[in-house]
Amino acid sequence: MTAQLRNSSYYKLRRGLNTASAHIFMLVFLSYFLIPLIWLLISSTKTNAGLFSTFGFWFGKEFNFFQNLQDLFAYDNGDFALWMRNTAVYAVVAALGSSLIATMAGYAFAQYRFPGRNLLFGIVLASVFVPLTVFAVPLFLMMSKSGLSNSLLAVILPALVNPFGVYLMRVYAEGAISPELIDAARVDGAGEFRIFAAIAFRLLAPGFVTVLLFAFVGAWNNYFLPLLLLSKSDLYLLTVGLAYWNSLTFQPGVAQVLYILVVAGSVVAIVPVMIVFLFLQRYWQEGLNLGSVTG
Amino acid sequence: MSLAKISVPRSPNGEMQTLPTRYPWRRLGRKITPYLFLSPFLIGYIAFMVYPLIYSFNLSLYRKQIIGGVTFVGLANYVNVFQDTNFWEGIRNVLIFGAMQIPVMLGLALTFALILDSKVIHRATIFRLGYFLPFAVPSVVAALMWGYFYGQSFGPITQVAQALGLEPPVFLTFKGIIPSMANISTWQFAGYNMLIIYAALKAIPPELYEAARVDGANDWQIAWGIKIPIVWPAIVLTMIFSVIGTLQLFNEPNVLRVVAPTVVNEHFTPNLYLYFLAFRNARFEYSAAMAFSLALVSAMLASLVLLVTRRER
C-alpha cells in the first residue's frame with residue numbers, strides 16, 4: 001500500500017514541490033551568507049572616492065585593487081605588514097603548540113588509567129564553560145608585571161592552553177587507537193614515548209589537524225585578549241590594527257583615505273583563513289564529527 | 001541531556017600490569033608516564049587559568065583608595081557591582097540580544113542541518129561550505145563589514161533603497177542597534193552551529209528511521225519524532241555555548257561604537273564596561289569583581305538552559 005502511495009502522482013508532485021522549496025530556501029540563505037563577502041571583494045577594487053560614488057554591488061570605473069594593496073602595505077611606514085607578520089607568528093606558534101600539548105594530554109587521558117584521571121579531566125572540561133572575561137584583568141596584570149606585554153609571548157603563552165582541544169583529542173584517541181596495538185608495541189620492547197611518537201601520533205593525525213585548524217582560526221581571529229595584552233602598535237594583530245584604523249576614519253576630517261585601506265586590509269585578513277579552511281575541509285568535517293554529541 | 005555523559009566517555013582498557021616485563025624499570029616508568037604526557041598541559045593550565053583565577057579573586061577583595069592605599073574590603077566590590085546600574089543595563093542589553101539572536105540562529109542552524117541531512121539538496125557541499133565560510137571571518141572584520149553595509153554614506157542597503165525610491169532603513173539607532181548586532185552574530189555563527197548539529201545527525205544509524213519511513217512517515221515527521229530528539233544534546237550544547245558567548249559580547253559593540261558612539265555607550269555590554277573600567281580607568285579590583293559576577297550570571301543562565309531543556313526520561 002505504501003509503495004502504491006509512493007508512486008502516485010500526488011506524492012510525486014508533493015515531493016517535487018518540497019524539493020524545490022528546500023532549494024529556494026537554501027539558495028536565499030546562501031546569498032545571505034555570501035553577499036556581504038562579495039560586496040567586500042568588489043569594494044576592495046575601488047578607489048576611496050569610488051567607494052562613495054559607485055554602486056556597491058558592481059565594479060567602479062577603475063580597477064584599483066593592486067594600488068590599494070600597495071597603499072595598504074605602505075601606509076604609516078608599513079604597519080600593516082608588521083601586523084600581518086605578528087598575526088602569522090602568533091597564530092602558527094599558538095596553534096601548533098596548543099595542539100601538540102592537547103594531543104599529548106588527550107592521549108594520556110585516553111590510553112592510561114592513573115590516580116586522579118577522572119577528577120583532572122572533569123576540571124579540564126569544566127573550564128571550557130568559564131567565560132574568558134575572568135582572565136582578562138589577571139592576565140593583563142601578570143603580563144605587564146613580568147614585562148611580557150612588550151612581546152608577542154603575552155598572547156602566545158595563554159593560547160597554548162586549549163582545554164576543548166584536550167577533550168576532542170581524548171575522544172579521538174579513544175576511537176582511533178586500539179589498546180591491543182599499544183600493548184603489542186610494548187611487548188616488542190618499545191618505550192612509552194617511542195610508542196606515542198612513532199605509532200600513536202600517526203593514528204591521531206586527523207584529529208590533530210582538526211584541533212590545529214580551529215586553534216589557528218581562533219588565534220587569527222582573536223581580538224579581545226590581544227587588544228588588552230598588546231599595548232604597542234608595532235605589536236598589534238590584524239584584528240586590533242584594523243579596528244584601530246577604522247576608529248580613525250570616523251574622526252572628522254582625520255583620515256578619510258583609511259576607508260579603502262580598511263576594506264582592502266579586511267580582504268587580506270580573511271583570505272589566509274579561507275584558503276586554509278577550503279583546502280583542509282576533509283579534516284575539519286571529520287573533526288566536527290568526532291566532537292559530535294548524541295544522547 | 002547530561003554533561004556528565006560527555007565527560008566520562010568509556011575508556012579502553014589501558015592496563016599494562018599483565019604484560020611480560022623484560023624491562024622491570026619500565027613498570028615504574030609507566031606509572032609516571034601519563035603525568036609526563038599531561039605535564040605541558042597541566043603546567044600551562046595552572047599558570048594561565050588556575051593561577052589567574054586565584055589572583056583575580058584575591059584582587060577583587062581589595063580596593064585602591066587615593067588616601068590610605070590598598071585596603072582589604074571583603075565582598076564590598078561585589079556589593080557595589082550588584083548595585084551598579086550600568087552593569088545591569090549591560091546585562092539587560094545582552095539578554096535582549098540573546099533572546100533575539102540565539103533562537104533565530106539555532107533555529108536556522110537546525111533547519112539547515114535537517115535539510116542537508118534529508119539529502120533532497122543537490123550539490124550539498126556548496127551550501128555546507130558557503131554557510132560555514134563566515135565563521136572563518138574575524139568578528140572584527142565581520143563587524144567592520146556589516147558596519148559599512150548598514151552605513152548611510154556608502155552602505156549598499158541605503159543605495160539599493162534609494163535606487164528603488166524607498167526610505168533607506170536606519171540600523172544604528174537606539175532601536176535598531178541590537179537587531180543589527182544580532183544579525184552580525186547570526187551571519188557569523190549559524191553555519192558553524194549547523195555543522196555541529198549536522199555532525200550529530202550524521203551519527204544517527206539510518207536503521208532508526210528507515211522503519212518509520214517504510215511505515216509511511218514523511219521527512220517532517222521523521223525530523224520531529226526521531227532526529228531532533230536524538231540530536232537534542234548537541235542542540236543544548238550549542239545553546240549553552242551561545243549563552244556564554246552572548247554574555248561576553250564585546251567585539252561587535254566595540255567596533256560599532258566608532259560608527260554610533262551615542263548609541264553604543266561605554267557600558268553597552270558588561271564586557272565593554274569592564275574594558276573601560278579596567279583599561280581606561282585602571283579600576284582593576286572592581287573590574288575583577290565584575291568579571292566574577294558576570295561568570296556567576298553566566299553559570300546561572302547555563303544551568304537554567306540545562307534545566308529548561310531537560311527531557312523527561
# chains A, B, ... in the order shown; residues from 1 in each chain; ligands from 1
>>> select_by_dssp(residues="segment 64-228 of chain A", states="alpha helix (DSSP H)", output="number ranges by chain")
A: 65-111, 117-126, 133-146, 153-159, 163-176, 179-187, 192-194, 201-220, 224-228
>>> interface_residues(of="chain A", to="chain B", cutoff="7 Å", atoms="only C-alpha atoms", output="PyMOL selection string")
chain A and resi 2+19+23+30+33-34+51-52+55-56+101-102+104-105+108+110-113+122+130-131+133-135+137-139+158+161+174+179+217+221+224+239+243+247+250+266+270+273-274+288-289+292-295
>>> write_last_selection(atoms="N, CA and C atoms", output="compact mmCIF listing (two decimals), in the first residue's frame")
# COMPACT_ATOMS: atom_id res chain seq x y z
N THR A 2 1.95 1.22 0.79
CA THR A 2 2.84 2.38 0.82
C THR A 2 3.51 2.58 -0.52
N THR A 19 11.10 19.53 -2.67
CA THR A 19 12.48 19.65 -3.11
C THR A 19 12.75 21.06 -3.63
N HIS A 23 15.27 23.91 -2.02
CA HIS A 23 16.38 24.54 -2.76
C HIS A 23 16.29 26.06 -2.73
N LEU A 30 22.09 31.06 1.13
CA LEU A 30 23.44 31.08 0.58
C LEU A 30 23.81 32.51 0.18
N PHE A 33 24.63 34.61 3.23
CA PHE A 33 25.97 34.39 3.79
C PHE A 33 27.07 34.91 2.88
N LEU A 34 26.83 34.90 1.56
CA LEU A 34 27.93 35.26 0.66
C LEU A 34 27.92 36.72 0.21
N LEU A 51 34.35 54.31 -3.73
CA LEU A 51 33.60 53.65 -2.68
C LEU A 51 32.31 54.40 -2.38
N PHE A 52 32.40 55.73 -2.43
CA PHE A 52 31.23 56.56 -2.09
C PHE A 52 30.36 56.85 -3.30
N PHE A 55 27.98 52.23 -7.31
CA PHE A 55 27.05 51.27 -6.74
C PHE A 55 27.83 50.13 -6.07
N GLY A 56 27.40 49.75 -4.87
CA GLY A 56 28.15 48.79 -4.05
C GLY A 56 28.33 47.42 -4.66
N ILE A 101 50.32 20.04 22.59
CA ILE A 101 50.13 19.86 24.04
C ILE A 101 48.80 19.15 24.31
N ALA A 102 47.76 19.56 23.55
CA ALA A 102 46.44 18.95 23.76
C ALA A 102 46.44 17.50 23.30
N MET A 104 49.01 15.36 23.37
CA MET A 104 49.68 14.56 24.40
C MET A 104 48.75 14.34 25.59
N ALA A 105 48.05 15.41 26.01
CA ALA A 105 47.17 15.29 27.17
C ALA A 105 45.97 14.39 26.85
N ALA A 108 47.04 10.83 26.87
CA ALA A 108 47.24 10.33 28.23
C ALA A 108 45.90 9.97 28.88
N ALA A 110 43.21 9.11 27.36
CA ALA A 110 42.55 8.02 26.67
C ALA A 110 43.23 6.68 26.93
N GLN A 111 44.55 6.67 27.00
CA GLN A 111 45.27 5.40 26.99
C GLN A 111 45.77 4.92 28.35
N TYR A 112 45.74 5.76 29.35
CA TYR A 112 46.27 5.33 30.64
C TYR A 112 45.19 5.44 31.70
N ARG A 113 45.31 4.56 32.70
CA ARG A 113 44.48 4.72 33.89
C ARG A 113 45.42 5.09 35.02
N GLY A 122 37.61 16.10 34.60
CA GLY A 122 36.42 16.88 34.94
C GLY A 122 36.75 18.36 35.09
N VAL A 130 33.95 28.36 31.46
CA VAL A 130 34.25 29.60 32.19
C VAL A 130 34.39 30.74 31.17
N PRO A 131 33.67 31.85 31.34
CA PRO A 131 33.80 32.95 30.40
C PRO A 131 35.23 33.50 30.41
N THR A 133 36.26 36.32 30.00
CA THR A 133 36.35 37.63 30.64
C THR A 133 37.10 37.59 31.96
N VAL A 134 36.90 36.51 32.74
CA VAL A 134 37.53 36.49 34.06
C VAL A 134 39.05 36.43 33.98
N PHE A 135 39.59 36.06 32.83
CA PHE A 135 41.04 36.00 32.71
C PHE A 135 41.64 37.32 32.23
N VAL A 137 41.58 40.65 33.25
CA VAL A 137 42.31 41.51 34.18
C VAL A 137 43.57 40.84 34.74
N PRO A 138 43.45 39.60 35.28
CA PRO A 138 44.66 38.99 35.84
C PRO A 138 45.75 38.77 34.79
N LEU A 139 45.38 38.33 33.58
CA LEU A 139 46.42 38.11 32.56
C LEU A 139 47.10 39.43 32.21
N PRO A 158 49.19 32.28 26.89
CA PRO A 158 47.86 31.82 27.33
C PRO A 158 47.16 30.97 26.26
N VAL A 161 47.13 26.92 26.07
CA VAL A 161 46.26 26.07 26.89
C VAL A 161 44.90 25.98 26.21
N GLU A 174 40.43 7.73 21.79
CA GLU A 174 39.71 6.53 22.21
C GLU A 174 39.16 5.77 21.01
N PRO A 179 43.89 -0.42 22.17
CA PRO A 179 44.84 -0.75 23.24
C PRO A 179 45.72 -1.94 22.87
N VAL A 217 42.46 29.25 13.45
CA VAL A 217 41.41 30.23 13.13
C VAL A 217 41.08 31.06 14.38
N ASN A 221 41.71 35.11 14.40
CA ASN A 221 40.55 35.98 14.53
C ASN A 221 40.40 36.61 15.91
N PHE A 224 39.75 40.23 21.62
CA PHE A 224 39.58 40.77 22.97
C PHE A 224 40.89 40.74 23.76
N THR A 239 43.48 42.08 13.54
CA THR A 239 42.16 42.50 14.02
C THR A 239 42.25 43.80 14.82
N ALA A 243 40.71 47.43 13.49
CA ALA A 243 39.72 48.13 14.31
C ALA A 243 40.24 49.52 14.68
N SER A 247 38.63 53.12 13.67
CA SER A 247 38.24 54.15 14.64
C SER A 247 38.76 55.52 14.20
N PHE A 250 36.53 57.61 11.47
CA PHE A 250 35.32 58.30 11.87
C PHE A 250 35.59 59.57 12.67
N SER A 266 40.82 44.20 5.24
CA SER A 266 39.90 43.15 5.66
C SER A 266 39.98 41.96 4.70
N ILE A 270 41.17 38.07 5.71
CA ILE A 270 40.34 36.86 5.72
C ILE A 270 40.80 35.81 4.71
N VAL A 273 42.78 32.52 6.08
CA VAL A 273 41.95 31.58 6.83
C VAL A 273 41.03 30.81 5.89
N MET A 274 40.47 31.53 4.91
CA MET A 274 39.57 30.85 3.98
C MET A 274 40.30 29.80 3.17
N LEU A 288 34.64 17.71 13.25
CA LEU A 288 33.35 18.05 13.84
C LEU A 288 32.57 16.78 14.13
N ASN A 289 32.74 15.78 13.26
CA ASN A 289 32.06 14.51 13.51
C ASN A 289 32.52 13.89 14.82
N SER A 292 31.01 15.25 17.92
CA SER A 292 29.56 15.30 17.99
C SER A 292 29.03 14.58 19.22
N VAL A 293 27.97 15.15 19.76
CA VAL A 293 27.40 14.64 21.00
C VAL A 293 26.00 14.14 20.70
N THR A 294 25.73 12.91 21.01
CA THR A 294 24.35 12.44 20.89
C THR A 294 23.95 11.76 22.19
N GLY A 295 22.65 11.74 22.42
CA GLY A 295 22.19 11.19 23.69
C GLY A 295 21.90 9.71 23.61
>>> closest_residue(among="B:Gly165, B:Pro253, B:Gly147, B:Gly176", to="Val94 of chain B", atoms="only C-alpha atoms")
B:Pro253
>>> atom_distance(atom1="atom CA of Ala154 of chain A", atom2="atom CA of Met142 of chain A")
9.2 Å
